Each structure stands twice: as C-alpha cells, then as structure tokens.
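Structure file protein-v1.txt (compact mmCIF, C-alpha atoms) is printed below.
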```
# COMPACT_ATOMS: atom_id res chain seq x y z
CA MET A 270 12.59 56.88 -33.78
CA LYS A 271 15.71 55.43 -35.30
CA ILE A 272 15.65 51.71 -34.63
CA ILE A 273 18.16 48.98 -35.45
CA ILE A 274 16.89 45.42 -35.75
CA MET A 275 19.45 42.62 -35.60
CA GLY A 276 18.22 39.50 -37.41
CA CYS A 277 15.82 39.49 -40.33
CA GLY A 278 13.98 36.25 -39.66
CA ARG A 279 10.19 36.09 -39.59
CA VAL A 280 9.94 38.13 -36.41
CA GLY A 281 12.63 40.61 -37.39
CA ALA A 282 11.15 41.22 -40.83
CA GLN A 283 7.63 41.54 -39.48
CA LEU A 284 8.72 43.98 -36.78
CA ALA A 285 10.71 45.98 -39.33
CA SER A 286 7.76 46.31 -41.66
CA LEU A 287 5.36 47.27 -38.84
CA LEU A 288 7.68 49.95 -37.48
CA ASP A 289 8.47 51.18 -40.99
CA ALA A 290 4.77 51.54 -41.70
CA ASP A 291 4.48 53.57 -38.46
CA GLY A 292 6.97 56.00 -39.90
CA HIS A 293 10.10 55.04 -37.94
CA GLN A 294 13.56 54.99 -39.43
CA ILE A 295 14.56 51.32 -39.55
CA THR A 296 17.85 49.55 -40.26
CA VAL A 297 17.77 45.75 -40.40
CA LEU A 298 20.94 43.69 -40.06
CA ASP A 299 21.36 40.07 -41.07
CA ILE A 300 24.39 37.95 -41.92
CA ASP A 301 22.48 36.35 -44.81
CA ALA A 302 21.28 38.61 -47.65
CA HIS A 303 18.70 35.96 -48.54
CA SER A 304 16.82 36.80 -45.32
CA PHE A 305 15.84 40.18 -46.70
CA ARG A 306 13.35 38.47 -49.05
CA ARG A 307 11.01 38.49 -46.05
CA LEU A 308 10.79 42.28 -46.08
CA PRO A 309 7.74 43.60 -47.96
CA PRO A 310 8.31 45.50 -51.22
CA SER A 311 6.93 48.62 -49.53
CA PHE A 312 9.74 48.55 -46.91
CA GLY A 313 11.39 51.96 -46.92
CA GLY A 314 14.18 51.34 -44.40
CA THR A 315 17.73 50.11 -44.82
CA ALA A 316 18.76 46.45 -45.04
CA LEU A 317 22.42 45.76 -44.32
CA VAL A 318 24.29 42.47 -44.67
CA GLY A 319 26.47 42.11 -41.59
CA ASP A 320 26.98 40.76 -38.12
CA GLY A 321 25.18 42.63 -35.36
CA THR A 322 27.82 41.61 -32.83
CA ASP A 323 30.51 43.39 -34.86
CA GLU A 324 31.31 46.88 -33.56
CA GLU A 325 32.31 48.21 -36.99
CA MET A 326 29.14 46.89 -38.58
CA LEU A 327 27.02 48.49 -35.89
CA LYS A 328 28.74 51.83 -36.44
CA LYS A 329 27.96 51.50 -40.15
CA ALA A 330 24.34 50.83 -39.27
CA GLY A 331 24.33 54.15 -37.40
CA ILE A 332 24.15 52.81 -33.86
CA ALA A 333 25.59 56.03 -32.45
CA GLU A 334 22.35 57.85 -33.33
CA ALA A 335 19.96 54.94 -32.71
CA ASP A 336 17.14 55.36 -30.20
CA ALA A 337 16.46 51.65 -29.92
CA PHE A 338 18.07 48.28 -30.68
CA VAL A 339 16.22 44.97 -30.96
CA ALA A 340 18.07 41.62 -31.13
CA VAL A 341 15.98 38.85 -32.70
CA THR A 342 18.41 36.37 -34.30
CA GLN A 343 18.03 32.62 -33.87
CA GLY A 344 20.74 32.40 -31.20
CA ASP A 345 20.05 33.42 -27.60
CA ASN A 346 23.70 34.07 -26.89
CA ARG A 347 24.10 36.04 -30.09
CA ASN A 348 21.14 38.21 -29.11
CA VAL A 349 22.54 38.74 -25.66
CA MET A 350 25.94 39.72 -27.02
CA GLY A 351 24.48 42.13 -29.59
CA ALA A 352 22.18 43.67 -26.99
CA GLN A 353 25.00 44.16 -24.49
CA ILE A 354 27.23 45.82 -27.09
CA ALA A 355 24.37 48.17 -27.99
CA LYS A 356 23.58 48.98 -24.38
CA LYS A 357 26.95 49.03 -22.66
CA ILE A 358 29.31 50.12 -25.43
CA PHE A 359 27.11 52.36 -27.56
CA ASP A 360 24.69 53.52 -24.83
CA VAL A 361 21.58 52.98 -26.95
CA PRO A 362 18.67 54.23 -24.77
CA ARG A 363 16.31 51.29 -25.34
CA VAL A 364 17.53 47.74 -25.96
CA ILE A 365 15.37 44.63 -26.12
CA CYS A 366 16.45 41.08 -26.91
CA ARG A 367 14.73 37.81 -27.52
CA ILE A 368 15.72 34.88 -25.33
CA TYR A 369 14.09 31.55 -26.18
CA ASP A 370 15.30 29.80 -23.05
CA PRO A 371 13.13 31.01 -20.16
CA LEU A 372 15.75 29.90 -17.62
CA ARG A 373 18.30 32.22 -19.13
CA LYS A 374 15.93 35.16 -19.24
CA ASP A 375 16.26 35.67 -15.49
CA VAL A 376 20.03 35.99 -15.72
CA TYR A 377 19.87 38.66 -18.37
CA GLU A 378 17.37 40.65 -16.48
CA ALA A 379 19.84 40.47 -13.62
CA LEU A 380 22.50 41.76 -16.03
CA GLY A 381 20.28 44.72 -16.84
CA LEU A 382 19.00 43.56 -20.22
CA GLU A 383 15.38 43.80 -21.18
CA ALA A 384 14.49 40.35 -22.49
CA VAL A 385 11.36 38.81 -23.95
CA SER A 386 10.97 35.05 -23.97
CA PRO A 387 8.67 33.92 -26.81
CA THR A 388 8.55 30.48 -25.20
CA VAL A 389 6.90 31.84 -22.06
CA VAL A 390 4.70 34.34 -23.87
CA PHE A 391 3.43 31.84 -26.42
CA ALA A 392 2.81 29.07 -23.89
CA GLN A 393 0.72 31.44 -21.78
CA LEU A 394 -1.15 32.62 -24.85
CA LEU A 395 -1.96 29.06 -25.90
CA ARG A 396 -3.11 28.17 -22.41
CA ASP A 397 -5.39 31.19 -22.23
CA LYS A 398 -6.82 30.41 -25.62
CA LEU A 399 -7.45 26.77 -24.72
CA LEU A 400 -9.14 27.57 -21.42
CA ALA A 401 -11.23 30.38 -22.83
CA GLU A 402 -13.15 28.09 -25.17
CA MET B 224 41.65 24.70 -6.87
CA TYR B 225 38.36 23.89 -8.60
CA ILE B 226 38.37 24.88 -12.27
CA ILE B 227 35.50 24.58 -14.75
CA ILE B 228 36.22 24.47 -18.48
CA ILE B 229 33.47 24.93 -21.07
CA GLY B 230 34.20 23.30 -24.43
CA GLY B 231 35.93 19.97 -24.90
CA GLY B 232 37.76 20.78 -28.13
CA SER B 233 41.52 20.70 -28.40
CA VAL B 234 41.98 23.81 -26.23
CA GLY B 235 39.73 22.40 -23.52
CA TYR B 236 41.33 18.98 -23.71
CA HIS B 237 44.91 20.14 -23.32
CA LEU B 238 44.03 22.64 -20.63
CA CYS B 239 42.25 19.94 -18.70
CA LYS B 240 45.14 17.54 -19.03
CA ALA B 241 47.69 20.12 -17.89
CA LEU B 242 45.60 21.34 -14.97
CA LEU B 243 44.88 17.81 -13.76
CA LYS B 244 48.59 17.11 -13.83
CA GLU B 245 49.18 20.12 -11.61
CA GLY B 246 46.77 18.58 -9.14
CA HIS B 247 43.73 20.78 -9.67
CA GLU B 248 40.16 19.61 -9.59
CA VAL B 249 38.90 20.08 -13.15
CA LEU B 250 35.49 19.71 -14.73
CA VAL B 251 34.96 19.97 -18.48
CA MET B 252 31.52 20.60 -19.95
CA ASP B 253 30.54 20.00 -23.57
CA LYS B 254 27.23 19.65 -25.39
CA ASP B 255 28.59 16.82 -27.52
CA ALA B 256 28.29 13.31 -26.03
CA SER B 257 31.07 11.85 -28.15
CA LYS B 258 33.53 14.46 -26.91
CA CYS B 259 32.61 13.56 -23.34
CA GLU B 260 33.30 9.90 -24.09
CA ASN B 261 36.77 10.78 -25.33
CA PHE B 262 37.51 12.52 -22.06
CA GLU B 263 36.14 9.57 -20.11
CA ASP B 264 38.40 7.15 -21.99
CA GLU B 265 41.55 9.21 -21.73
CA LEU B 266 41.36 11.31 -18.58
CA GLY B 267 38.68 9.63 -16.44
CA SER B 268 35.44 11.13 -15.12
CA VAL B 269 36.19 14.78 -15.75
CA CYS B 270 33.64 15.66 -18.41
CA VAL B 271 29.90 16.17 -18.12
CA ARG B 272 27.56 16.66 -20.99
CA GLY B 273 25.73 19.96 -20.90
CA ASP B 274 25.37 23.52 -22.06
CA GLY B 275 27.78 25.77 -20.21
CA CYS B 276 25.50 28.75 -20.77
CA GLU B 277 22.69 27.22 -18.73
CA VAL B 278 22.26 28.24 -15.13
CA ALA B 279 20.84 24.87 -14.01
CA THR B 280 23.72 22.90 -15.56
CA LEU B 281 26.31 25.17 -14.00
CA ALA B 282 24.58 24.97 -10.63
CA GLU B 283 24.75 21.19 -10.82
CA ALA B 284 28.45 21.42 -11.68
CA GLY B 285 29.02 23.40 -8.49
CA ALA B 286 29.97 26.61 -10.26
CA SER B 287 29.57 28.62 -7.07
CA ARG B 288 32.64 26.97 -5.55
CA ALA B 289 34.78 27.25 -8.69
CA GLU B 290 37.76 29.59 -8.42
CA VAL B 291 38.46 29.77 -12.13
CA PHE B 292 36.04 29.49 -15.03
CA ILE B 293 37.37 29.03 -18.56
CA ALA B 294 35.16 29.28 -21.67
CA ALA B 295 37.07 27.69 -24.54
CA THR B 296 34.53 26.90 -27.22
CA ASP B 297 34.88 28.11 -30.80
CA GLY B 298 31.84 30.38 -30.46
CA ASP B 299 32.49 33.87 -29.13
CA GLU B 300 28.87 34.51 -28.10
CA ASP B 301 28.83 31.27 -26.12
CA ASN B 302 32.12 32.06 -24.41
CA LEU B 303 30.94 35.53 -23.44
CA VAL B 304 27.62 34.39 -22.06
CA ALA B 305 29.11 31.44 -20.17
CA CYS B 306 31.65 33.72 -18.47
CA GLN B 307 29.01 36.30 -17.62
CA ILE B 308 26.77 33.72 -16.01
CA ALA B 309 29.72 32.30 -14.06
CA LYS B 310 30.72 35.75 -12.88
CA TYR B 311 27.39 37.44 -12.19
CA LYS B 312 25.23 34.48 -11.19
CA PHE B 313 27.76 32.28 -9.40
CA GLY B 314 30.36 34.84 -8.35
CA VAL B 315 33.34 32.98 -9.83
CA PRO B 316 36.32 35.24 -9.05
CA ARG B 317 38.27 34.67 -12.25
CA THR B 318 36.71 34.17 -15.69
CA ILE B 319 38.82 33.46 -18.76
CA ALA B 320 37.43 33.40 -22.30
CA ARG B 321 38.89 32.22 -25.56
CA VAL B 322 38.27 34.95 -28.13
CA ASN B 323 38.04 33.71 -31.71
CA ASP B 324 37.50 37.01 -33.47
CA PRO B 325 40.31 39.29 -32.24
CA LYS B 326 38.03 42.32 -32.45
CA ASN B 327 36.01 40.89 -29.60
CA GLU B 328 38.86 40.95 -27.08
CA GLU B 329 38.14 44.53 -26.05
CA ILE B 330 34.37 44.01 -26.09
CA PHE B 331 34.69 41.00 -23.77
CA ARG B 332 36.79 43.03 -21.35
CA LYS B 333 34.24 45.83 -21.33
CA LEU B 334 31.44 43.36 -20.72
CA GLY B 335 33.07 41.93 -17.62
CA VAL B 336 35.21 38.97 -18.69
CA ASP B 337 38.32 39.10 -16.48
CA CYS B 338 40.72 37.69 -19.00
CA PRO B 339 39.79 37.47 -22.68
CA ILE B 340 42.47 35.75 -24.77
CA SER B 341 42.74 35.99 -28.52
CA VAL B 342 45.20 33.56 -30.05
CA THR B 343 45.42 35.73 -33.16
CA ASN B 344 46.44 38.77 -31.10
CA LEU B 345 48.93 36.69 -29.12
CA ILE B 346 50.61 35.51 -32.31
CA LEU B 347 50.69 39.04 -33.69
CA GLU B 348 52.31 40.33 -30.49
CA HIS B 349 54.82 37.53 -30.68
CA ILE B 350 55.75 38.47 -34.23
CA GLU B 351 56.23 42.08 -33.17
CA GLU B 352 58.54 40.98 -30.37
CA LYS B 353 60.63 38.60 -32.38
CA ILE B 354 61.19 40.48 -35.60
CA PRO B 355 64.07 42.87 -34.86
CA THR B 356 63.37 45.12 -37.82
CA HIS B 357 60.01 46.09 -36.44
CA PRO B 358 60.65 49.53 -34.94
CA LEU B 359 57.85 49.52 -32.35
CA ILE B 360 57.06 46.74 -29.91
CA HIS B 361 54.09 46.78 -27.55
CA LEU B 362 55.31 45.74 -24.13
CA LEU B 363 52.19 46.41 -22.11
CA THR B 364 48.77 47.80 -22.87
CA MET B 365 46.66 49.22 -20.09
CA GLY B 366 43.26 48.51 -21.62
CA GLU B 367 40.66 51.12 -20.83
CA GLU B 368 43.04 53.94 -19.97
CA LYS B 369 44.41 53.67 -23.52
CA MET B 370 47.92 53.89 -22.12
CA GLU B 371 50.72 51.65 -23.28
CA ILE B 372 54.38 50.96 -22.74
CA VAL B 373 56.28 50.48 -25.99
CA GLU B 374 59.82 49.83 -27.05
CA VAL B 375 61.10 51.79 -30.05
CA LYS B 376 64.32 50.95 -31.80
CA ILE B 377 66.25 53.80 -33.37
CA MET B 378 67.35 52.53 -36.79
CA ASP B 379 70.45 53.45 -38.73
CA GLY B 380 68.67 55.80 -41.09
CA SER B 381 66.28 57.32 -38.53
CA LYS B 382 66.01 61.11 -38.64
CA SER B 383 66.32 61.25 -34.86
CA VAL B 384 69.94 60.00 -34.89
CA GLY B 385 72.28 62.70 -33.56
CA LYS B 386 69.42 64.82 -32.24
CA SER B 387 68.62 65.58 -28.64
CA VAL B 388 65.30 64.54 -27.13
CA LYS B 389 64.06 68.13 -26.87
CA GLN B 390 64.71 68.70 -30.59
CA LEU B 391 62.28 65.94 -31.48
CA SER B 392 59.15 67.74 -30.16
CA LEU B 393 57.52 64.52 -29.00
CA PRO B 394 53.79 64.30 -28.30
CA LEU B 395 52.98 65.81 -24.88
CA ASP B 396 51.36 62.63 -23.60
CA SER B 397 54.43 60.49 -24.30
CA ILE B 398 57.32 60.05 -21.88
CA LEU B 399 60.65 58.42 -22.66
CA ALA B 400 61.25 56.29 -19.60
CA LEU B 401 64.44 54.43 -20.36
CA LEU B 402 67.29 54.44 -22.86
CA ILE B 403 69.05 51.16 -23.55
CA ARG B 404 72.33 51.50 -25.39
CA ASN B 405 74.70 48.62 -26.15
CA GLY B 406 77.54 48.45 -23.66
CA HIS B 407 75.94 50.98 -21.31
CA LYS B 408 73.75 50.73 -18.28
CA PRO B 409 70.12 51.61 -19.04
CA GLN B 410 69.56 55.28 -18.22
CA VAL B 411 66.68 57.71 -18.00
CA PRO B 412 66.95 60.01 -21.02
CA THR B 413 66.80 63.77 -20.34
CA ALA B 414 65.86 66.57 -22.73
CA ASP B 415 69.53 66.89 -23.69
CA THR B 416 70.25 63.22 -24.33
CA ILE B 417 71.53 62.73 -27.89
CA LEU B 418 70.10 59.67 -29.63
CA GLU B 419 72.26 57.19 -31.51
CA ALA B 420 71.51 54.47 -34.02
CA ASN B 421 70.57 51.13 -32.40
CA ASP B 422 69.42 52.81 -29.19
CA ARG B 423 66.34 51.22 -27.71
CA ILE B 424 63.85 53.47 -25.98
CA ILE B 425 61.19 52.33 -23.55
CA ALA B 426 58.37 54.87 -23.62
CA LEU B 427 55.04 55.42 -21.98
CA THR B 428 52.46 56.71 -24.44
CA THR B 429 48.78 56.69 -25.39
CA THR B 430 47.28 54.63 -28.19
CA ASP B 431 46.44 57.89 -29.99
CA SER B 432 50.01 59.20 -29.94
CA GLU B 433 51.75 55.91 -30.60
CA ALA B 434 52.06 56.48 -34.35
CA ILE B 435 53.44 60.03 -33.94
CA LEU B 436 55.95 58.85 -31.34
CA GLN B 437 57.12 56.08 -33.62
CA LYS B 438 57.49 58.52 -36.51
CA LYS B 439 59.47 61.04 -34.44
CA LEU B 440 61.83 58.44 -33.01
CA ALA B 441 62.22 55.88 -35.76
CA GLY B 442 60.97 57.68 -38.85
CA THR B 443 63.36 57.91 -41.76
```
Mind turning this structure into structure tokens?
Amino acid sequence: MKIIIMGCGRVGAQLASLLDADGHQITVLDIDAHSFRRLPPSFGGTALVGDGTDEEMLKKAGIAEADAFVAVTQGDNRNVMGAQIAKKIFDVPRVICRIYDPLRKDVYEALGLEAVSPTVVFAQLLRDKLLAE
Amino acid sequence: MYIIIIGGGSVGYHLCKALLKEGHEVLVMDKDASKCENFEDELGSVCVRGDGCEVATLAEAGASRAEVFIAATDGDEDNLVACQIAKYKFGVPRTIARVNDPKNEEIFRKLGVDCPISVTNLILEHIEEKIPTHPLIHLLTMGEEKMEIVEVKIMDGSKSVGKSVKQLSLPLDSILALLIRNGHKPQVPTADTILEANDRIIALTTTDSEAILQKKLAGT
C-alpha cells in the first residue's frame, strides 16, 4: 500500500518504520526537518519537509495515488484538517486521524472521519493493566 | 440576532464592537484570560474564556441558538474546526471563517464553511479593481462551477482593436455579455460588433479559459 503519514513525532516515526518494514510504500511529512531524526537508518520510504494541510504539498507527496492517509501531528485541529483534505478533496480510500481530546472524537466521527483517541485507549489500557495484577 | 465570535484578537474585538452597536447579542470566546479581561473592561460582559473548538464550551455558550458563527483566530485549523462544529453539531445556519493562508479559502468552502474570508485575497481583488491599467478584473467568481464574470479593458495597442468579435475566435466557453463604450449606452455585442480602444467588455468565462480570453481581447 502507498501510505502518507502526516507528522513525524514519536508515533508517526514509529508507525512509518513499522509499515516500511512490512514492505509498504511510505511518505512521511513534517514541517520540521529535525523530526526525521526519529526515523531509523533502515527506513526506505520518503521523508518530506512540508505542511500536511497544504494542498500543493500533499500533491507533491503523491496523495493522488495514496491508498491511506494517517494524521498524527501534535494538534487535534491540524490532524482533522489534514484528514478532511485527504478524504474529501483527494478521495483517499482510508483516512485515520489522531484526536487527543475524547470529547472532540465524537464530532469527527459524526463528520465521517475515522479517529483514534490515544487518551481513551491509553487510559483503558492502564486500567486493565492495574486491575489484572 | 445572536452572534458568536471565536478569537478575541483585533478582528474579533472590532467585529464585536460594531455588532454590539448595531444592537446584536454578541458573545466572544477566547482561550486567553487577559484578552477576556480587556473585553470586560471595554465592552462589558461579552467575552467568555474557552476553546471555541470544544463541544461542551460551545453548548454552554448556547451555540444552538446562534444565527451567525464567526471564527476569527489567527489559526486556520482552529477556524475550520470551530466552524464545522458550529455547523454540523449545533446547526448554526451561517458560519464565517477568517482564512489566514489564502490557499485555504477554497478548501474551507469545500469542507462546509459558508463564508471563508481571506484578507489577502480581498486586498488582491481590490488592487485589480482599482488599477486601471490591469486589463482583466474579476467581478464575480462562482466557486465550484469554475465560472466567473470578468471585465476586460481593450487597450490602445490591443490586437483586437478594429476587429469584429467573430474574427477573434474566442474560447467556446466564453460569452461576451456586455460592451461598455464611453458616451454610449451599454450594449450586447454581436458577432459583427467592431471593437475599439478603451472599450470595456463584461464577459462570462471559465477559470480555464480566462487567460485565453484575456489574450484574445487585450493582448498586444
């Protein structure tokens, strides 16, 4: 699959390297070139400096042929904007975004965006771990 | 009319002041406590502290009875998301967003904001209107259809001077709607109308053909 990842923070870089190792064609976007230090030396995909909410930048990243788009920057609203551009303007088949604020997650699901809230997921995980011991 | 404004910067402040003066009920929302204090001191209790992208905060502000929702922060993502929540979650009939990066104006429109406004684009349009030497002026753009109404001025040295409309072989998707000539009543040009220098033509065209139309009419 051809996958575009917006945001090369810890999660973005980790996801990029996992998918790259699985043999997918990965392009990572970040506005700060320094973020790419998190990618492993073995990373065989493309790292592009640029804003994932910028139409031109997304075209450069090859969004027209992308099978999936993942938005994992630090900003919820930024992720939502990037994801909506990918889904509604470029018709990318699979789009997932990270939303920290669990209250907001409901709205985006209502807007037709697939959202994952690390806050909810991690809290549940911690609870399960605590109660299991 | 109940109007909610997100962002208490200078745009938000002056909007609020003007709308209050017109007798509207206005509520400004800003994340920054000191900005809210400024509003309190100068305009009374019109500002609440809060994130305009949060459903709970907007519910508390009574967003469902707002008739107009304006997002005027300096962050485009925030303005987009605030307007979308107002529109899709609270059913606000009219959402207006300040667009900081002019490229986003079209994106905002496609993503459901009723009225995205880019100051940069407004200034550019104004320059086009006011500078008489500019041969093509955009009068109206009909967003998604890619249609537009433009005004083209025939200059002294234009190749079209002295030619009839049919000789120009204009793009098929462009129609000359009106000819404005000094000292004459505006008329609808026909295929046989001969163009003169300083004529002004109002034409309906597509964004794709705009450049060709301009070249045919005003090219030198």
Chain B contacts on chain A, only C-alpha atoms, 8 Å, as a list in words: Asp323, Asn346, Arg347, Val349, Met350, Gln353, Ile354, Lys357, Ile358, Leu372, Arg373, Val376 and Leu380 of chain A
Just how far from atom CA of Val373 of chain B is atom CA of Arg321 of chain B, in Å to one decimal? 25.2 Å
List every protein, DNA or RNA residue that has an atom no more than 12 Å from (33.4, 11.3, -23.2) in the file's coordinate frame, counting all atoms listed in the file, and report them as an MDAnalysis selection string. chainID B and resid 231:232 236 251:273
Which of these residues is nearest to Leu284 of chain A, using only C-alpha atoms: A:Ile272, A:Ala379, A:Leu395, A:Val361? A:Ile272
If we count only C-alpha atoms and set the cut-off at 8 Å, which residues sit around segment 398-408 of chain B, ignoring sequence neighbours fewer than 5 positions away in its own chain? Please answer as a PyMOL selection string. chain B and resi 421-428
Print the selection's residues with C-alpha atoms to a file, as a tab-separated table (two decimals), in the coordinates of the input.
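Once written, part27.tsv looks like this:
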```tsv
chain	number	residue	atom	x	y	z
B	421	ASN	CA	70.57	51.13	-32.40
B	422	ASP	CA	69.42	52.81	-29.19
B	423	ARG	CA	66.34	51.22	-27.71
B	424	ILE	CA	63.85	53.47	-25.98
B	425	ILE	CA	61.19	52.33	-23.55
B	426	ALA	CA	58.37	54.87	-23.62
B	427	LEU	CA	55.04	55.42	-21.98
B	428	THR	CA	52.46	56.71	-24.44
```
Please list as a VMD selection string every residue within 10 Å of Ala355 of chain A, counting only C-alpha atoms and excluding residues in the same chain fewer than 5 positions away. chain A and resid 273 321 to 322 324 327 332 to 333 335 337 to 340 349 to 350 360 to 365
Long-range neighbours of Asp345 of chain A as a list in words, 7 Å cut-off, all atoms listed in the file, 2 positions minimum in chain: Gln343, Arg347, Asn348, Val349, Arg367, Ile368 and Tyr369 of chain A
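Atom CA of Gly278 of chain A is positioned 15.8 Å from atom CA of Gly314 of chain A.
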